[in-house]
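Raw contents of upload-v3.txt, compact mmCIF, C-alpha atoms and all ligand atoms:
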```
# COMPACT_ATOMS: atom_id res chain seq x y z
CA MET A 1 0.00 0.00 0.00
CA THR A 2 1.39 3.41 -0.89
CA LEU A 3 1.41 6.38 1.45
CA GLY A 4 -1.27 8.06 -0.67
CA GLU A 5 -3.66 5.10 -0.22
CA LEU A 6 -3.73 5.33 3.60
CA SER A 7 -6.79 6.89 5.26
CA ASP A 8 -6.13 9.98 7.42
CA GLU A 9 -6.53 7.87 10.57
CA ALA A 10 -4.23 5.14 9.30
CA LEU A 11 -1.61 7.71 8.27
CA HIS A 12 -1.77 9.39 11.69
CA SER A 13 -1.31 6.04 13.39
CA ARG A 14 1.63 5.09 11.11
CA VAL A 15 3.36 8.41 11.78
CA GLN A 16 2.78 7.97 15.51
CA GLN A 17 4.31 4.50 15.31
CA LEU A 18 7.29 5.86 13.39
CA LEU A 19 7.88 8.62 15.95
CA ALA A 20 7.55 6.13 18.82
CA GLU A 21 10.32 4.08 17.24
CA TYR A 22 12.36 7.23 16.66
CA VAL A 23 12.12 8.18 20.33
CA GLU A 24 12.84 4.66 21.53
CA PHE A 25 16.04 4.42 19.48
CA ILE A 26 17.29 7.67 21.04
CA ASP A 27 16.19 6.84 24.59
CA ASP A 28 17.77 3.39 24.44
CA ASP A 29 20.98 4.64 22.82
CA ARG A 30 20.32 2.67 19.64
CA LEU A 31 21.50 5.59 17.55
CA GLU A 32 22.63 3.49 14.58
CA GLN A 33 19.01 2.37 14.16
CA TRP A 34 17.85 5.96 14.63
CA ALA A 35 20.02 7.03 11.68
CA ASP A 36 18.50 4.22 9.59
CA LEU A 37 15.10 5.90 9.86
CA PHE A 38 16.28 8.67 7.56
CA VAL A 39 16.34 8.42 3.77
CA GLU A 40 19.64 8.90 2.00
CA ARG A 41 18.95 12.51 1.04
CA ALA A 42 17.36 13.42 4.38
CA VAL A 43 17.59 16.88 5.88
CA TYR A 44 18.03 17.18 9.67
CA ARG A 45 18.15 20.66 11.12
CA VAL A 46 17.95 21.90 14.69
CA VAL A 47 17.12 25.59 14.46
CA PRO A 48 16.98 27.90 17.52
CA ARG A 49 13.59 29.50 17.95
CA GLU A 50 15.00 33.05 17.49
CA ASN A 51 16.27 32.08 14.04
CA ALA A 52 13.21 30.05 13.04
CA ASP A 53 10.89 32.94 13.91
CA ARG A 54 12.96 35.44 11.93
CA GLY A 55 13.50 33.11 8.97
CA LEU A 56 17.27 33.12 9.56
CA PRO A 57 19.05 30.04 8.21
CA ALA A 58 21.71 29.38 10.89
CA ALA A 59 21.08 26.07 12.65
CA ALA A 60 22.73 24.42 15.64
CA ILE A 61 22.83 21.18 13.65
CA ASP A 62 22.49 21.21 9.85
CA CYS A 63 22.82 17.83 8.11
CA ASP A 64 21.76 17.26 4.54
CA SER A 65 22.13 13.49 4.19
CA ARG A 66 21.79 10.30 6.18
CA GLY A 67 25.56 9.95 5.78
CA MET A 68 26.09 13.08 7.88
CA LEU A 69 23.89 11.66 10.62
CA VAL A 70 25.80 8.38 10.58
CA ASP A 71 29.04 10.39 10.91
CA ARG A 72 27.64 12.12 13.99
CA VAL A 73 26.80 8.78 15.58
CA VAL A 74 30.26 7.38 14.82
CA SER A 75 31.82 10.55 16.23
CA LEU A 76 29.72 10.25 19.37
CA ARG A 77 30.76 6.63 19.82
CA GLN A 78 34.44 6.97 19.04
CA ALA A 79 35.65 10.55 19.33
CA ASN A 80 33.52 12.74 21.59
CA ILE A 81 34.11 13.01 25.33
CA TYR A 82 31.12 13.75 27.58
CA GLY A 83 29.71 12.99 31.01
CA VAL A 84 27.46 9.95 31.47
CA HIS A 85 23.80 10.87 31.06
CA TYR A 86 20.50 9.38 29.93
CA HIS A 87 17.64 10.85 27.94
CA ARG A 88 13.90 10.45 27.88
CA LEU A 89 12.06 12.12 25.04
CA LEU A 90 8.39 13.06 25.43
CA LEU A 91 6.21 13.87 22.43
CA SER A 92 2.74 15.39 22.32
CA ASN A 93 0.19 17.04 20.04
CA LEU A 94 0.99 15.12 16.89
CA ARG A 95 -0.83 16.53 13.90
CA ILE A 96 -0.54 15.74 10.18
CA THR A 97 -0.40 19.15 8.52
CA ALA A 98 -0.23 18.16 4.84
CA ARG A 99 -0.14 15.05 2.71
CA ASN A 100 -0.02 13.89 -0.88
CA GLU A 101 0.69 10.66 -2.77
CA THR A 102 4.30 10.37 -1.71
CA GLU A 103 4.84 12.36 1.46
CA ALA A 104 3.29 13.65 4.67
CA ARG A 105 4.13 16.67 6.80
CA ALA A 106 3.70 16.35 10.54
CA GLN A 107 4.37 18.42 13.62
CA CYS A 108 4.51 17.69 17.31
CA ASN A 109 6.00 19.07 20.52
CA TYR A 110 8.96 17.46 22.21
CA ALA A 111 10.67 17.73 25.57
CA VAL A 112 13.95 16.03 26.46
CA LEU A 113 14.55 15.00 30.06
CA GLN A 114 18.17 14.44 30.93
CA THR A 115 19.33 12.39 33.90
CA ARG A 116 22.97 12.71 34.87
CA SER A 117 25.10 10.23 36.81
CA THR A 118 24.38 12.21 39.99
CA GLY A 119 20.74 11.12 39.68
CA GLU A 120 19.56 14.63 38.96
CA THR A 121 16.96 14.97 36.19
CA SER A 122 16.37 18.22 34.32
CA ILE A 123 14.62 19.44 31.20
CA TYR A 124 17.43 19.58 28.69
CA ASN A 125 15.52 20.99 25.76
CA ALA A 126 11.99 21.54 24.47
CA GLY A 127 10.65 22.50 21.09
CA LYS A 128 8.72 21.46 18.04
CA TYR A 129 9.39 18.74 15.45
CA LEU A 130 8.49 19.68 11.89
CA ASP A 131 8.74 16.42 9.99
CA ARG A 132 8.61 15.57 6.34
CA ILE A 133 7.93 11.85 6.05
CA VAL A 134 8.36 9.99 2.78
CA ALA A 135 7.79 6.46 1.63
CA GLU A 136 11.23 5.51 0.38
CA ARG A 137 11.32 4.64 -3.30
CA GLN A 138 14.25 3.93 -5.57
CA TYR A 139 14.63 7.07 -7.65
CA VAL A 140 17.57 7.23 -10.00
CA HIS A 141 18.75 10.46 -11.56
CA GLY A 142 19.51 9.11 -14.98
CA ASN A 143 17.82 8.31 -18.26
CA TRP A 144 15.75 5.12 -18.09
CA LYS A 145 17.57 3.59 -21.07
CA LEU A 146 20.81 3.52 -19.08
CA TYR A 147 19.09 1.12 -16.70
CA ALA A 148 17.69 -0.89 -19.61
CA GLU A 149 21.31 -1.22 -20.75
CA ASN A 150 22.43 -2.16 -17.23
CA THR A 151 20.15 -5.18 -17.01
CA ARG A 152 21.23 -6.34 -20.48
CA ASP A 153 24.92 -5.98 -19.70
CA PRO A 154 26.50 -9.22 -18.47
CA TYR A 155 29.96 -7.67 -18.20
CA HIS A 156 29.48 -4.84 -15.70
CA ALA A 157 28.45 -7.02 -12.75
CA SER A 158 31.88 -8.52 -12.47
CA LEU A 159 33.60 -5.13 -12.62
CA LEU A 160 31.24 -3.15 -10.42
CA HIS A 161 29.87 -5.42 -7.71
CA LEU A 162 32.34 -6.43 -5.01
CA PHE A 163 29.82 -8.80 -3.45
CA HIS A 164 29.21 -10.68 -6.68
CA THR A 165 32.86 -11.11 -7.55
CA THR A 166 34.26 -11.73 -4.09
CA PHE A 167 31.62 -14.22 -2.99
CA GLY A 168 31.26 -15.86 -6.38
CA THR A 169 27.57 -15.17 -6.97
CA TYR A 170 28.52 -13.68 -10.35
CA ARG A 171 31.82 -13.57 -12.21
CA SER A 172 32.47 -13.01 -15.89
CA SER A 173 34.43 -16.27 -15.89
CA GLN A 174 31.29 -18.26 -15.04
CA LYS A 175 29.35 -20.39 -17.47
CA GLY A 176 26.46 -18.40 -18.90
CA GLY A 177 25.24 -16.38 -21.81
CA VAL A 178 22.57 -14.19 -23.33
CA THR A 179 19.68 -15.10 -25.59
CA LEU A 180 17.65 -12.54 -27.52
CA ASP A 181 14.32 -12.89 -29.27
CA ALA A 182 14.24 -12.69 -33.07
CA GLU A 183 13.76 -8.91 -33.09
CA HIS A 184 16.30 -8.31 -30.30
CA ARG A 185 13.73 -6.62 -28.08
CA HIS A 186 14.04 -8.90 -25.12
CA SER A 187 17.09 -10.39 -23.48
CA LEU A 188 17.58 -13.41 -21.25
CA LEU A 189 20.82 -13.45 -19.27
CA GLN A 190 21.62 -16.61 -17.36
CA VAL A 191 24.57 -17.72 -15.29
CA SER A 192 25.66 -20.75 -13.31
CA SER A 193 27.79 -20.09 -10.25
CA ASP A 194 28.44 -23.85 -10.09
CA SER A 195 31.11 -23.21 -12.68
CA ASN A 196 33.31 -21.19 -10.29
CA ASP A 197 36.97 -22.09 -10.49
CA ALA A 198 38.38 -20.48 -7.33
CA GLN A 199 42.03 -20.70 -8.34
CA LYS A 200 41.51 -19.38 -11.87
CA ASP A 201 39.18 -16.62 -10.65
CA HIS A 202 41.71 -15.53 -8.06
CA GLU A 203 44.32 -15.26 -10.79
CA ILE A 204 42.00 -13.19 -13.02
CA TYR A 205 40.74 -10.83 -10.34
CA LYS A 206 43.68 -10.66 -7.95
CA ASP A 207 44.59 -7.03 -8.78
CA MET A 208 41.06 -5.70 -8.80
CA ARG A 209 39.31 -3.73 -6.06
CA ILE A 210 36.15 -5.75 -6.47
CA PHE A 211 37.79 -9.07 -5.57
CA ASP A 212 38.98 -9.22 -2.01
CA ALA A 213 39.78 -12.73 -0.86
CA GLN A 214 40.16 -11.46 2.74
CA PHE A 215 36.63 -10.06 2.77
CA ARG A 216 34.34 -11.99 5.13
CA LEU A 217 30.78 -11.39 6.21
CA GLN A 218 30.01 -11.16 9.91
CA ASN A 219 26.82 -13.01 9.06
CA PRO A 220 27.33 -15.38 6.09
CA THR A 221 23.64 -16.36 6.05
CA LEU A 222 23.14 -13.36 3.74
CA LEU A 223 24.55 -15.57 1.00
CA ALA A 224 23.13 -18.94 2.07
CA ALA A 225 20.97 -20.22 -0.77
CA ARG A 226 18.87 -23.27 -1.44
CA ARG A 227 18.91 -25.08 -4.78
CA GLU A 228 15.39 -24.95 -6.28
CA PHE A 229 15.93 -26.43 -9.75
CA ASP A 230 18.35 -28.95 -11.19
CA ASP A 231 19.43 -26.86 -14.17
CA GLY A 232 22.43 -25.33 -12.34
CA VAL A 233 21.23 -21.82 -13.22
CA THR A 234 21.77 -19.48 -10.26
CA LEU A 235 21.03 -16.11 -11.84
CA VAL A 236 18.49 -15.08 -14.47
CA ILE A 237 17.75 -11.56 -15.62
CA LEU A 238 14.96 -11.41 -18.17
CA SER A 239 14.69 -7.92 -19.67
CA VAL A 240 11.39 -7.45 -21.49
CA PHE A 241 11.32 -4.45 -23.82
CA PRO A 242 10.98 -1.66 -22.95
CA ASN A 243 10.82 -1.44 -19.16
CA LEU A 244 10.25 -4.75 -17.37
CA ILE A 245 12.84 -6.91 -15.66
CA VAL A 246 12.14 -10.32 -14.16
CA GLN A 247 14.83 -11.54 -11.79
CA GLN A 248 15.94 -14.71 -10.11
CA ILE A 249 19.24 -14.18 -8.32
CA ALA A 250 20.09 -16.89 -5.82
CA ASN A 251 16.65 -17.29 -4.16
CA THR A 252 15.30 -13.80 -4.83
CA LEU A 253 12.34 -13.63 -7.16
CA ALA A 254 11.36 -10.13 -8.19
CA VAL A 255 9.88 -7.99 -10.91
CA ARG A 256 11.35 -4.56 -11.52
CA GLN A 257 9.49 -1.94 -13.48
CA ILE A 258 11.29 1.11 -14.86
CA VAL A 259 8.99 4.15 -14.67
CA PRO A 260 10.53 7.16 -16.45
CA SER A 261 9.74 10.55 -14.93
CA GLY A 262 11.65 12.75 -17.38
CA PRO A 263 14.69 12.55 -19.67
CA ASP A 264 17.06 12.38 -16.70
CA ALA A 265 15.14 10.54 -13.98
CA PHE A 266 13.26 7.30 -13.41
CA GLU A 267 11.82 5.29 -10.59
CA LEU A 268 12.36 1.59 -10.07
CA VAL A 269 9.30 -0.19 -8.72
CA TRP A 270 10.22 -3.55 -7.20
CA THR A 271 7.79 -6.35 -6.50
CA SER A 272 9.33 -9.28 -4.64
CA PHE A 273 7.49 -12.54 -4.48
CA GLY A 274 7.75 -16.21 -3.52
CA TYR A 275 5.71 -19.36 -3.97
CA ALA A 276 2.58 -19.95 -1.91
CA ASP A 277 4.02 -23.29 -0.74
CA ASP A 278 7.42 -21.92 0.31
CA ASP A 279 8.28 -23.20 3.77
CA ALA A 280 9.24 -20.73 6.52
CA ASP A 281 12.98 -21.25 5.90
CA MET A 282 12.67 -20.55 2.22
CA GLN A 283 10.64 -17.42 2.87
CA ARG A 284 13.36 -16.25 5.26
CA ILE A 285 16.07 -16.94 2.67
CA ARG A 286 14.18 -15.00 -0.02
CA LEU A 287 13.64 -12.06 2.32
CA LYS A 288 17.27 -12.08 3.36
CA HIS A 289 18.54 -12.12 -0.22
CA GLY A 290 16.56 -8.93 -0.74
CA ASN A 291 19.31 -7.26 1.30
CA LEU A 292 21.71 -8.18 -1.47
CA ILE A 293 19.62 -7.61 -4.56
CA GLY A 294 16.45 -5.80 -3.51
CA PRO A 295 15.54 -2.12 -3.88
CA THR A 296 18.17 -1.12 -1.32
CA GLY A 297 20.36 -4.14 -1.81
CA LEU A 298 24.10 -3.98 -1.33
CA THR A 299 24.63 -4.48 -5.05
CA SER A 300 21.50 -2.73 -6.40
CA MET A 301 22.67 0.58 -4.93
CA GLU A 302 25.79 0.34 -7.09
CA ASP A 303 23.74 -0.03 -10.28
CA GLY A 304 21.77 3.14 -9.46
CA GLU A 305 24.97 5.02 -8.70
CA ALA A 306 26.65 3.81 -11.90
CA VAL A 307 23.66 5.01 -13.95
CA GLU A 308 23.92 8.45 -12.32
CA ILE A 309 27.64 8.70 -13.00
CA VAL A 310 27.15 7.79 -16.67
CA GLN A 311 24.21 10.23 -16.91
CA ARG A 312 26.35 13.09 -15.61
CA ALA A 313 29.14 12.24 -18.06
CA VAL A 314 26.76 11.98 -21.04
CA ALA A 315 24.75 15.11 -20.15
CA SER A 316 27.91 17.21 -19.91
CA ASP A 317 28.45 16.62 -23.64
CA ASP A 318 25.01 17.88 -24.55
CA GLY A 319 24.36 17.54 -28.27
CA GLN A 320 27.42 15.36 -28.89
CA PRO A 321 27.21 11.62 -29.50
CA SER A 322 28.65 9.59 -26.63
CA PHE A 323 29.80 6.15 -27.58
CA ILE A 324 31.74 3.54 -25.68
CA ALA A 325 32.27 0.22 -27.38
CA MET A 326 33.64 -2.93 -25.85
CA GLY A 327 33.91 -4.71 -29.14
CA GLY A 328 31.18 -3.31 -31.33
CA GLY A 329 29.37 -5.64 -33.68
CA ARG A 330 25.74 -6.53 -33.89
CA GLY A 331 23.06 -7.72 -31.53
CA GLY A 332 22.66 -11.44 -31.00
CA ASP A 333 23.10 -14.41 -28.71
CA ALA A 334 26.32 -15.20 -26.85
CA GLU A 335 27.48 -18.25 -24.95
CA HIS A 336 29.67 -16.31 -22.56
CA LEU A 337 29.41 -13.21 -20.35
CA VAL A 338 31.91 -10.90 -22.00
CA THR A 339 29.61 -9.36 -24.54
CA GLU A 340 27.54 -6.29 -25.29
CA SER A 341 25.47 -7.98 -27.98
CA SER A 342 22.34 -7.75 -25.86
CA ILE A 343 22.72 -3.97 -25.40
CA ILE A 344 23.29 -3.53 -29.13
CA GLY A 345 20.17 -5.60 -29.75
CA PHE A 346 18.17 -3.26 -27.50
CA TRP A 347 19.30 -0.22 -29.45
CA GLU A 348 18.71 -1.91 -32.82
CA TYR A 349 15.08 -2.44 -31.90
CA TYR A 350 14.67 0.89 -30.11
CA ARG A 351 15.88 2.64 -33.28
CA THR A 352 13.12 1.03 -35.33
CA VAL A 353 10.46 1.93 -32.71
CA VAL A 354 11.36 5.62 -32.47
CA ASP A 355 12.28 5.77 -36.15
CA PHE A 356 15.66 7.44 -36.02
CA GLU A 357 19.04 6.78 -37.57
CA PRO A 358 21.82 5.98 -35.12
CA ALA A 359 24.48 8.64 -34.48
CA ARG A 360 27.67 7.56 -36.21
CA PRO A 361 30.66 7.30 -33.89
CA ARG A 362 33.46 9.66 -34.85
FE FE B 401 24.52 -4.59 -11.67
```
Please, can you express the file's structure as structure tokens?
Amino acid sequence: MTLGELSDEALHSRVQQLLAEYVEFIDDDRLEQWADLFVERAVYRVVPRENADRGLPAAAIDCDSRGMLVDRVVSLRQANIYGVHYHRLLLSNLRITARNETEARAQCNYAVLQTRSTGETSIYNAGKYLDRIVAERQYVHGNWKLYAENTRDPYHASLLHLFHTTFGTYRSSQKGGVTLDAEHRHSLLQVSSDSNDAQKDHEIYKDMRIFDAQFRLQNPTLLAARREFDDGVTLVILSVFPNLIVQQIANTLAVRQIVPSGPDAFELVWTSFGYADDDADMQRIRLKHGNLIGPTGLTSMEDGEAVEIVQRAVASDDGQPSFIAMGGGRGGDAEHLVTESSIIGFWEYYRTVVDFEPARPR
């Protein structure tokens, strides 16, 4: 259910629940979890009343990303020196002041009680929260076709994704390939991680940042998978022209929809699913793999970032053709993973749909 579909009462209750969690994380010194409540591009400002009333911008704390909040927590844990004290935060008068499809504005009063090691409790601070609450979506600031290329590109995963290469879930040296339909609209990429050759792979990747043989997970169950079919295929990306991707990576099953919102932005809508007869363990495995390749997965974030980097590079040459070729050639099938034939196939078909001649590389 999206934020816009909630009734006023349901929205109020959800916001109340969110704020209760927020307060609990602070009161119980679970500040790492507190920082996780903010979206990546969050704004966190503590403005003195004198400045707020006069519209003056200076703030006691002025953070413009979740990263800055995480830095504050790390600093508090490792660098700052302060006397032992405990906090209790009290909230009241919650009111939703505005709402639309994707966000809600809320305000409430707060008071912070501080208890020091002497046992003395005092009111440390009081004021008003003005919150902007969003349902987090995966927005990417790039043209949607860059993402269509990404899912058709078997080569990038091994260069970009440390998790894939290091833990062997995907390497260009694996057995796999791409298959296109007759018109090169759709692409099926499939890989078998059974074909890993640890010694050979170490030789190939030993000088690369994305392969770190020393890298270990604190909790290896993130990668624990269960074999579902006997075909040895461990990764399938089916890209259906123009904007649908069907995925099976390890035990994740998901559909991704690319929804363009302009020439330089799109949203990725993810729908994860399982089978009705999945046992509890399998459901847990599928949910856990979402941390690797879900909307905020450890590798999915890299794809979004890569698209944005390419977008910035391409947009800076406005009006000029940008062309990077691995080997050139034409669209078609391949029985290995070092190919761009699927991307070329996409553009061959796209060209016929929009009826334009390709820019000639110079
Ligand atoms: Fe990727």
**Report entry** Best match for closeness to ligand FE 401 (chain B) among A:Ala111, A:Ile237, A:Ala250, A:Ala35, counting only C-alpha atoms and all ligand atoms
**Finding:** A:Ile237
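When CA of Ser65 in chain A is paired with CA of Ala148 in chain A, their separation reads 28.2 Å.
Taking only C-alpha atoms and all ligand atoms into account, the protein and nucleic acid residues that come at most 8 Å from ligand FE 401 (chain B) are Asn150, Thr151, His156, Ala157, Leu160, His161, Thr299, Ser300, Glu302 and Asp303 of chain A.
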Query raised in the report: Got a sec: who's within 12 Å of Glu120 in chain A, counting all atoms listed in the file, leaving out chain neighbours fewer than 5 positions off, as a count of residues only?
Result: 7
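Of the residues listed (A:Gly168, A:Pro154, A:Gly177, A:Gly290), A:Gly168 shows the shortest atom-to-atom separation from Phe211 in chain A; distances use only C-alpha atoms.
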